[in-house]
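Trainee: Sending over final_25.csv (CSV, C-alpha atoms).
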```
chain,number,residue,atom,x,y,z
A,9,MET,CA,40.5,35.9,-21.8
A,10,ASP,CA,40.0,36.7,-25.5
A,11,GLN,CA,36.7,37.6,-27.2
A,12,GLY,CA,36.4,34.1,-28.9
A,13,SER,CA,36.7,32.2,-25.7
A,14,SER,CA,34.2,34.5,-23.9
A,15,ASN,CA,31.6,33.9,-26.8
A,16,SER,CA,32.1,30.1,-26.5
A,17,MET,CA,31.3,30.2,-22.8
A,18,TRP,CA,28.1,32.1,-23.4
A,19,TYR,CA,27.1,29.6,-26.1
A,20,ILE,CA,27.8,26.7,-23.8
A,21,GLY,CA,25.8,28.5,-21.0
A,22,GLY,CA,22.9,29.1,-23.3
A,23,ALA,CA,22.9,25.5,-24.4
A,24,VAL,CA,22.9,24.3,-20.7
A,25,ILE,CA,19.9,26.5,-19.9
A,26,VAL,CA,18.0,25.2,-22.9
A,27,VAL,CA,18.7,21.6,-21.9
A,28,ALA,CA,17.8,22.4,-18.3
A,29,ILE,CA,14.5,24.0,-19.4
A,30,ALA,CA,13.7,21.0,-21.6
A,31,LEU,CA,14.4,18.6,-18.6
A,32,TRP,CA,12.2,20.8,-16.4
A,33,TYR,CA,9.4,20.5,-18.9
A,34,PHE,CA,9.6,16.8,-19.7
A,35,MET,CA,10.7,15.4,-16.3
A,36,GLY,CA,9.7,17.9,-13.6
A,37,GLN,CA,6.1,18.4,-14.6
A,38,PRO,CA,4.6,15.0,-15.5
A,39,ALA,CA,1.8,15.2,-12.8
A,40,THR,CA,0.7,18.7,-13.9
A,41,ARG,CA,0.7,17.8,-17.6
A,42,MET,CA,-1.3,14.6,-16.8
A,43,GLU,CA,-3.8,16.6,-14.9
A,44,SER,CA,-4.4,18.9,-17.8
A,45,THR,CA,-4.9,16.1,-20.3
A,46,SER,CA,-6.6,13.3,-18.4
A,47,ASP,CA,-10.2,13.4,-17.3
A,48,THR,CA,-10.4,14.2,-13.6
A,49,SER,CA,-14.1,15.1,-13.5
A,50,THR,CA,-16.0,13.9,-10.5
A,51,ALA,CA,-17.6,11.1,-12.7
A,52,ALA,CA,-14.1,10.0,-13.8
A,53,LEU,CA,-12.9,10.0,-10.2
A,54,THR,CA,-15.9,7.9,-9.2
A,55,ASP,CA,-15.1,5.4,-11.9
A,56,GLU,CA,-11.6,5.3,-10.7
A,57,PHE,CA,-12.8,4.6,-7.1
A,58,ASN,CA,-15.2,1.9,-8.3
A,59,GLN,CA,-12.3,0.1,-10.0
A,60,ILE,CA,-10.5,-0.3,-6.6
A,61,PRO,CA,-11.5,-3.8,-5.4
A,62,ASP,CA,-12.5,-4.1,-1.8
A,63,ASP,CA,-11.2,-7.7,-1.7
A,64,SER,CA,-13.8,-9.2,0.6
A,65,ALA,CA,-14.2,-12.3,-1.4
A,66,ALA,CA,-10.4,-12.8,-2.1
A,67,LEU,CA,-9.6,-12.8,1.6
A,68,ASP,CA,-12.5,-15.2,2.3
A,69,GLN,CA,-11.1,-17.5,-0.3
A,70,ASP,CA,-7.6,-17.4,1.1
A,71,ALA,CA,-9.0,-18.3,4.6
A,72,ALA,CA,-10.9,-21.2,3.1
A,73,ALA,CA,-8.0,-22.6,1.2
A,74,SER,CA,-5.7,-22.2,4.2
A,75,ALA,CA,-8.1,-24.0,6.5
A,76,GLU,CA,-8.4,-26.8,3.9
A,77,ALA,CA,-4.6,-27.2,3.8
A,78,VAL,CA,-4.5,-27.5,7.6
A,79,GLN,CA,-7.2,-30.2,7.6
A,80,GLY,CA,-5.1,-32.1,5.0
A,81,LEU,CA,-2.3,-32.6,7.4
B,26,MET,CA,29.0,31.9,-16.1
B,27,GLY,CA,28.3,32.0,-12.4
B,28,ILE,CA,24.7,33.2,-13.0
B,29,VAL,CA,24.3,30.6,-15.7
B,30,GLY,CA,25.5,27.8,-13.4
B,31,THR,CA,23.3,28.9,-10.5
B,32,ALA,CA,20.2,29.1,-12.7
B,33,THR,CA,21.0,25.6,-14.1
B,34,ALA,CA,21.5,24.2,-10.7
B,35,LEU,CA,18.2,25.6,-9.4
B,36,LEU,CA,16.3,24.3,-12.3
B,37,LEU,CA,17.8,20.8,-12.0
B,38,THR,CA,17.3,20.7,-8.2
B,39,ALA,CA,13.6,21.7,-8.6
B,40,THR,CA,13.2,19.0,-11.3
B,41,VAL,CA,14.6,16.4,-8.9
B,42,ALA,CA,12.5,17.7,-6.0
B,43,PHE,CA,9.3,17.5,-8.1
B,44,ALA,CA,10.0,14.0,-9.2
B,45,ARG,CA,10.7,12.9,-5.6
B,46,ASP,CA,7.7,14.6,-4.2
B,47,ASP,CA,5.5,12.7,-6.7
B,48,ALA,CA,6.8,9.3,-5.5
B,49,ARG,CA,7.1,9.9,-1.8
B,50,PRO,CA,3.7,8.7,-0.2
B,51,ALA,CA,3.7,5.2,-1.8
B,52,THR,CA,7.4,4.7,-1.1
B,53,SER,CA,7.4,5.7,2.5
B,54,SER,CA,4.4,3.5,3.5
B,55,MET,CA,5.9,0.4,1.9
B,56,GLU,CA,9.3,1.3,3.4
B,57,ARG,CA,7.6,1.4,6.8
B,58,LEU,CA,6.3,-2.1,6.3
B,59,GLN,CA,9.6,-3.4,5.1
B,60,THR,CA,11.3,-2.0,8.3
B,61,VAL,CA,8.7,-3.6,10.5
B,62,ARG,CA,9.1,-6.9,8.8
B,63,ALA,CA,12.9,-6.9,9.0
B,64,GLU,CA,12.5,-6.4,12.8
B,65,VAL,CA,10.1,-9.3,13.0
B,66,ARG,CA,12.3,-11.6,11.0
B,67,SER,CA,15.3,-11.0,13.1
B,68,ARG,CA,13.2,-11.8,16.2
B,69,ILE,CA,11.9,-15.1,14.9
B,70,ASP,CA,14.7,-16.5,12.9
B,71,THR,CA,16.1,-18.7,15.7
B,72,GLU,CA,12.7,-20.1,16.6
B,73,ARG,CA,12.0,-20.8,12.9
B,74,GLU,CA,15.2,-22.8,12.8
B,75,LYS,CA,14.2,-24.9,15.8
B,76,VAL,CA,10.8,-25.6,14.3
B,77,SER,CA,12.4,-26.7,11.1
B,78,GLN,CA,14.6,-29.1,13.0
B,79,ARG,CA,11.6,-30.5,15.0
B,80,LEU,CA,9.6,-31.1,11.8
B,81,THR,CA,12.2,-33.5,10.5
B,82,ASP,CA,10.9,-35.9,13.2
B,83,ILE,CA,7.9,-36.5,10.9
B,84,GLN,CA,8.6,-39.8,9.1
B,85,ASP,CA,5.9,-39.5,6.4
B,86,LYS,CA,7.6,-37.5,3.7
B,87,ALA,CA,4.4,-36.0,2.3
B,88,LYS,CA,3.1,-35.0,5.7
B,89,ARG,CA,6.6,-33.6,6.6
B,90,GLU,CA,6.6,-31.4,3.5
B,91,MET,CA,3.1,-30.3,4.1
B,92,ALA,CA,3.9,-29.3,7.7
B,93,GLN,CA,7.0,-27.4,6.5
B,94,ARG,CA,4.9,-25.5,4.0
B,95,LEU,CA,2.2,-24.7,6.6
B,96,ALA,CA,4.8,-23.5,9.0
B,97,GLY,CA,5.7,-20.6,6.8
B,98,GLN,CA,2.3,-20.1,5.2
B,99,PHE,CA,0.7,-17.9,7.8
B,100,ASP,CA,3.4,-15.3,7.9
B,101,ARG,CA,3.5,-15.3,4.1
B,102,LEU,CA,-0.3,-14.7,4.0
B,103,ASN,CA,0.0,-11.9,6.5
B,104,GLU,CA,2.8,-10.3,4.4
B,105,THR,CA,0.7,-10.6,1.2
B,106,TRP,CA,-2.4,-9.1,2.7
B,107,THR,CA,-0.7,-6.3,4.6
B,108,ASP,CA,1.2,-5.3,1.4
B,109,HIS,CA,-2.0,-5.4,-0.5
B,110,PHE,CA,-3.9,-3.3,2.1
B,111,MET,CA,-1.1,-0.7,2.1
B,112,GLN,CA,-1.1,-0.5,-1.7
B,113,GLN,CA,-4.9,0.0,-1.6
B,114,LEU,CA,-4.4,2.8,0.9
B,115,ASP,CA,-1.8,4.4,-1.4
B,116,THR,CA,-4.4,4.3,-4.2
B,117,TYR,CA,-7.1,5.9,-2.0
B,118,ASP,CA,-4.5,8.5,-1.1
B,119,ALA,CA,-3.7,9.3,-4.8
B,120,LEU,CA,-7.5,9.6,-5.4
B,121,MET,CA,-7.9,12.0,-2.5
B,122,ARG,CA,-5.2,14.2,-3.9
B,123,LYS,CA,-7.2,14.5,-7.1
B,124,ILE,CA,-10.4,15.2,-5.1
B,125,GLN,CA,-8.5,17.9,-3.2
B,126,ALA,CA,-7.3,19.4,-6.5
B,127,ARG,CA,-10.9,19.6,-7.8
B,128,ALA,CA,-12.1,21.1,-4.6
B,129,ASP,CA,-9.3,23.7,-4.7
B,130,ALA,CA,-10.3,24.6,-8.3
B,131,ALA,CA,-14.0,24.9,-7.3
B,132,GLN,CA,-13.0,27.2,-4.4
B,133,SER,CA,-10.8,29.3,-6.6
B,134,ALA,CA,-13.9,29.8,-8.8
B,135,GLY,CA,-15.7,31.2,-5.8
B,136,ASN,CA,-17.7,28.2,-4.8
B,137,ASP,CA,-18.4,26.9,-1.3
B,138,VAL,CA,-16.4,23.8,-0.6
B,139,ALA,CA,-16.7,23.7,3.2
B,140,ARG,CA,-18.5,20.3,3.2
B,141,THR,CA,-16.0,18.8,0.8
B,142,THR,CA,-13.1,20.1,2.8
B,143,VAL,CA,-14.5,18.4,6.0
B,144,ALA,CA,-15.1,15.1,4.0
B,145,ILE,CA,-11.5,15.3,2.6
B,146,GLN,CA,-10.0,15.8,6.1
B,147,SER,CA,-12.2,12.9,7.4
B,148,ALA,CA,-11.0,10.6,4.6
B,149,ALA,CA,-7.3,11.6,5.2
B,150,SER,CA,-7.7,10.8,8.9
B,151,ALA,CA,-9.4,7.4,8.1
B,152,ILE,CA,-6.6,6.5,5.6
B,153,GLU,CA,-3.9,7.4,8.2
B,154,THR,CA,-5.7,5.3,10.9
B,155,ALA,CA,-5.9,2.4,8.5
B,156,ARG,CA,-2.1,2.8,7.7
B,157,THR,CA,-1.3,2.6,11.4
B,158,ALA,CA,-3.5,-0.5,11.7
B,159,VAL,CA,-1.9,-2.2,8.7
B,160,THR,CA,1.6,-1.4,10.0
B,161,ALA,CA,0.6,-2.9,13.4
B,162,GLN,CA,-0.7,-6.0,11.6
B,163,ALA,CA,2.5,-6.4,9.6
B,164,ALA,CA,4.5,-6.4,12.9
B,165,LYS,CA,2.6,-9.5,14.1
B,166,THR,CA,3.9,-13.0,13.6
B,167,TYR,CA,2.1,-16.2,13.0
B,168,GLU,CA,5.0,-18.7,13.5
B,169,LEU,CA,4.7,-22.1,14.9
B,170,ALA,CA,6.4,-22.3,18.3
B,171,SER,CA,8.8,-25.2,18.7
B,172,SER,CA,7.4,-25.8,22.2
B,173,THR,CA,4.0,-26.8,20.7
B,174,ILE,CA,5.6,-29.9,19.0
B,175,PRO,CA,5.6,-32.7,21.6
B,176,MET,CA,8.9,-34.2,22.7
B,177,ILE,CA,8.0,-37.9,22.5
B,178,ALA,CA,9.2,-41.1,21.1
B,179,THR,CA,9.0,-40.2,17.4
B,180,SER,CA,9.9,-43.6,16.1
B,181,THR,CA,6.6,-45.2,17.1
B,182,ALA,CA,3.3,-45.0,15.2
B,183,ASP,CA,1.7,-43.6,18.2
B,184,GLY,CA,4.4,-40.9,18.6
B,185,GLN,CA,4.0,-39.9,14.9
B,186,GLN,CA,0.2,-39.7,15.4
B,187,LYS,CA,0.6,-37.4,18.4
B,188,ILE,CA,3.0,-35.1,16.6
B,189,LEU,CA,0.7,-34.7,13.7
B,190,GLN,CA,-2.3,-34.1,16.0
B,191,SER,CA,-0.5,-31.5,17.9
B,192,LEU,CA,0.7,-29.8,14.8
B,193,ARG,CA,-2.8,-29.8,13.3
B,194,LYS,CA,-4.1,-28.2,16.4
B,195,SER,CA,-1.3,-25.5,16.5
B,196,PHE,CA,-1.9,-24.7,12.8
B,197,GLN,CA,-5.6,-24.4,13.3
B,198,THR,CA,-5.0,-21.9,16.2
B,199,LEU,CA,-2.6,-19.9,14.0
B,200,HIS,CA,-5.1,-19.9,11.1
B,201,THR,CA,-7.9,-18.8,13.3
B,202,THR,CA,-5.8,-16.0,14.9
B,203,LEU,CA,-4.4,-14.7,11.6
B,204,PHE,CA,-7.7,-14.6,9.8
B,205,LYS,CA,-9.5,-13.1,12.8
B,206,ASP,CA,-6.9,-10.3,12.6
B,207,LEU,CA,-7.1,-9.9,8.8
B,208,PHE,CA,-10.9,-9.9,8.8
B,209,ALA,CA,-10.9,-7.2,11.6
B,210,LEU,CA,-8.5,-5.1,9.5
B,211,ARG,CA,-10.5,-5.5,6.3
B,212,ASP,CA,-13.9,-4.9,8.0
B,213,GLY,CA,-12.7,-2.2,10.3
B,214,PRO,CA,-10.1,0.4,9.4
B,215,MET,CA,-9.9,-0.6,5.7
B,216,LYS,CA,-13.6,-0.4,5.2
B,217,ASN,CA,-13.8,2.9,7.1
B,218,ALA,CA,-11.1,4.4,4.8
B,219,ARG,CA,-13.0,3.2,1.7
B,220,LYS,CA,-16.3,4.7,3.0
B,221,ALA,CA,-14.6,8.0,3.9
B,222,VAL,CA,-13.1,8.3,0.4
B,223,GLN,CA,-16.5,7.4,-1.1
B,224,ALA,CA,-18.2,10.1,1.1
B,225,ALA,CA,-15.6,12.7,0.0
B,226,LEU,CA,-16.4,11.8,-3.7
B,227,GLN,CA,-20.1,12.1,-3.1
B,228,THR,CA,-19.7,15.4,-1.4
B,229,LEU,CA,-17.5,16.6,-4.2
B,230,GLY,CA,-20.2,15.5,-6.7
B,231,GLY,CA,-22.6,17.8,-4.9
B,232,THR,CA,-20.3,20.8,-4.9
B,233,THR,CA,-21.2,23.5,-7.4
B,234,GLY,CA,-18.2,24.2,-9.7
B,235,ALA,CA,-16.3,20.9,-9.0
B,236,ASP,CA,-16.6,20.1,-12.7
B,237,GLY,CA,-16.6,23.7,-13.9
B,238,GLU,CA,-20.4,23.6,-13.6
B,239,ASN,CA,-23.0,22.2,-11.2
B,240,ALA,CA,-21.4,18.8,-10.7
B,241,THR,CA,-24.5,17.1,-9.4
B,242,SER,CA,-25.8,16.8,-13.0
B,243,THR,CA,-22.8,14.7,-14.2
B,244,ALA,CA,-21.5,12.8,-11.2
B,245,LYS,CA,-22.5,9.1,-10.7
B,246,ARG,CA,-22.9,7.6,-7.3
B,247,PRO,CA,-20.3,5.1,-6.3
B,248,SER,CA,-21.6,1.6,-6.6
B,249,ARG,CA,-20.7,0.6,-3.1
```
Let me see the file written as structure tokens.
Mentor:
Amino acid sequence: MDQGSSNSMWYIGGAVIVVAIALWYFMGQPATRMESTSDTSTAALTDEFNQIPDDSAALDQDAAASAEAVQGL
Amino acid sequence: MGIVGTATALLLTATVAFARDDARPATSSMERLQTVRAEVRSRIDTEREKVSQRLTDIQDKAKREMAQRLAGQFDRLNETWTDHFMQQLDTYDALMRKIQARADAAQSAGNDVARTTVAIQSAASAIETARTAVTAQAAKTYELASSTIPMIATSTADGQQKILQSLRKSFQTLHTTLFKDLFALRDGPMKNARKAVQAALQTLGGTTGADGENATSTAKRPSR
């Protein structure tokens, strides 16, 4: 193997490592980066919790609509 | 080149592992539901075909179409609601992971998080109990049994009337059973999971250091 070929392999190797590190940063760590930038204070988590609907009314409505459809037969 | 290759492979493998780990909880619970449903479908397909055949005895086209719609409606509603409940549990689960992260940070800063840890464990247990209940509910079927449609002279007005009366009664029974089960799920395990997550949040709010300071001064109480 001559000197030029050996240098090329090291350049290619270096390029692969750079690409792998870039992938690691942009794809492998989204959750960590989100944590550090988004608001995860207790108040923010409480707001997030309050936005999850408990669906009591929606299920009642489905029950009423379904009962009506049966009566219509 | 061997070292370079190994390093690259390790980095790429770790990247893929992180990405998969992030998606795992939601995917596995929904996959569990899909598997249960596939088993149910394979069990009831023949009966469903028989019912479909029997419903063609109804001469009034509008009533026949309505009966055909109702015949599949209860299983569809069960599917919709169990899917919805499972997604809701995944959301609670994601929120609990954030609560855990904040508790871990407070503990690392030297604060006492014992009460929060107990509340987190209690919520995790309530969520898992609800998941089991939702999966059990998804395995139930609310199909019309072909045997409930009377074998009578379908060409007479009286025969038609009897078929419709019998169908209405059967659909009412299916409706009552389905919604009794769904209400029990909503008002039992689902409500318990919600309350447990809420309790964990409130406990976290009272933990010194959860927000990098005394968190009781900033946390709002959940509305429910």
Trainee: Counting only C-alpha atoms, I want the residues whose atoms come within 12 Å of (4.4, -3.4, 17.6) in the file frame, returned as an NGL selection string.
Mentor: :B and (58 or 60-62 or 64-65 or 157-166)
Trainee: Which residue gives the smallest distance to Ala77 in chain A among B:Val138, B:Ile83, B:Leu95, B:Ala182, with all atoms listed in the file counted?
Mentor: B:Leu95
Trainee: So that each row is one residue of chain A with an atom at most 6 Å from chain B, can you give its shortest atom pair and the distance in Å to one decimal, using all atoms listed in the file, rows by chain and rising number, as CSV?
Mentor:
```
residue,atom,partner,partner_atom,distance
A:Gly21,CA,B:Val29,CA,5.9
A:Ile25,CA,B:Thr33,CA,6.0
A:Trp32,CA,B:Thr40,CA,5.5
A:Gly36,CA,B:Thr40,CA,4.3
A:Ser49,CA,B:Asp236,CA,5.6
A:Thr50,CA,B:Ala244,CA,5.7
A:Ala51,CA,B:Ala244,CA,4.5
A:Thr54,CA,B:Pro247,CA,6.0
```
Trainee: Quick one: distance from CA of Asp85 in chain B to CA of Thr181 in chain B in Å, one decimal?
Mentor: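 It comes out at 12.1 Å.
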Trainee: Using all atoms listed in the file, which of the listed residues (B:Ala218, B:Met55, B:Ala139, B:Ala119) sits closest to Glu104 in chain B?
Mentor: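 Closest to Glu104 in chain B of all the choices is B:Met55.
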Trainee: Quick one: of A:Asp70, A:Glu56, A:Asp62, A:Glu76, who's nearest to Asn103 in chain B, counting only C-alpha atoms?
Mentor: A:Asp70
Trainee: One number please: CA of Leu67 in chain A to CA of Ala148 in chain B, in Å, one decimal.
Mentor: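 Distance between the two atoms: 23.6 Å.
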Trainee: For a test of reading the model, state the distance in Å between CA of Gln125 in chain B and CA of Glu153 in chain B, rounded to one decimal.
Mentor: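 Separation between CA of Gln125 in chain B and CA of Glu153 in chain B: 16.2 Å.
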Trainee: Give the answer as one residue: which of B:Ile177, B:Thr105, B:Ala209, B:Leu169 has the shortest atom-to-atom distance to Ala66 in chain A, using all atoms listed in the file?
Mentor: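 Under the stated criterion, the closest residue is B:Thr105.
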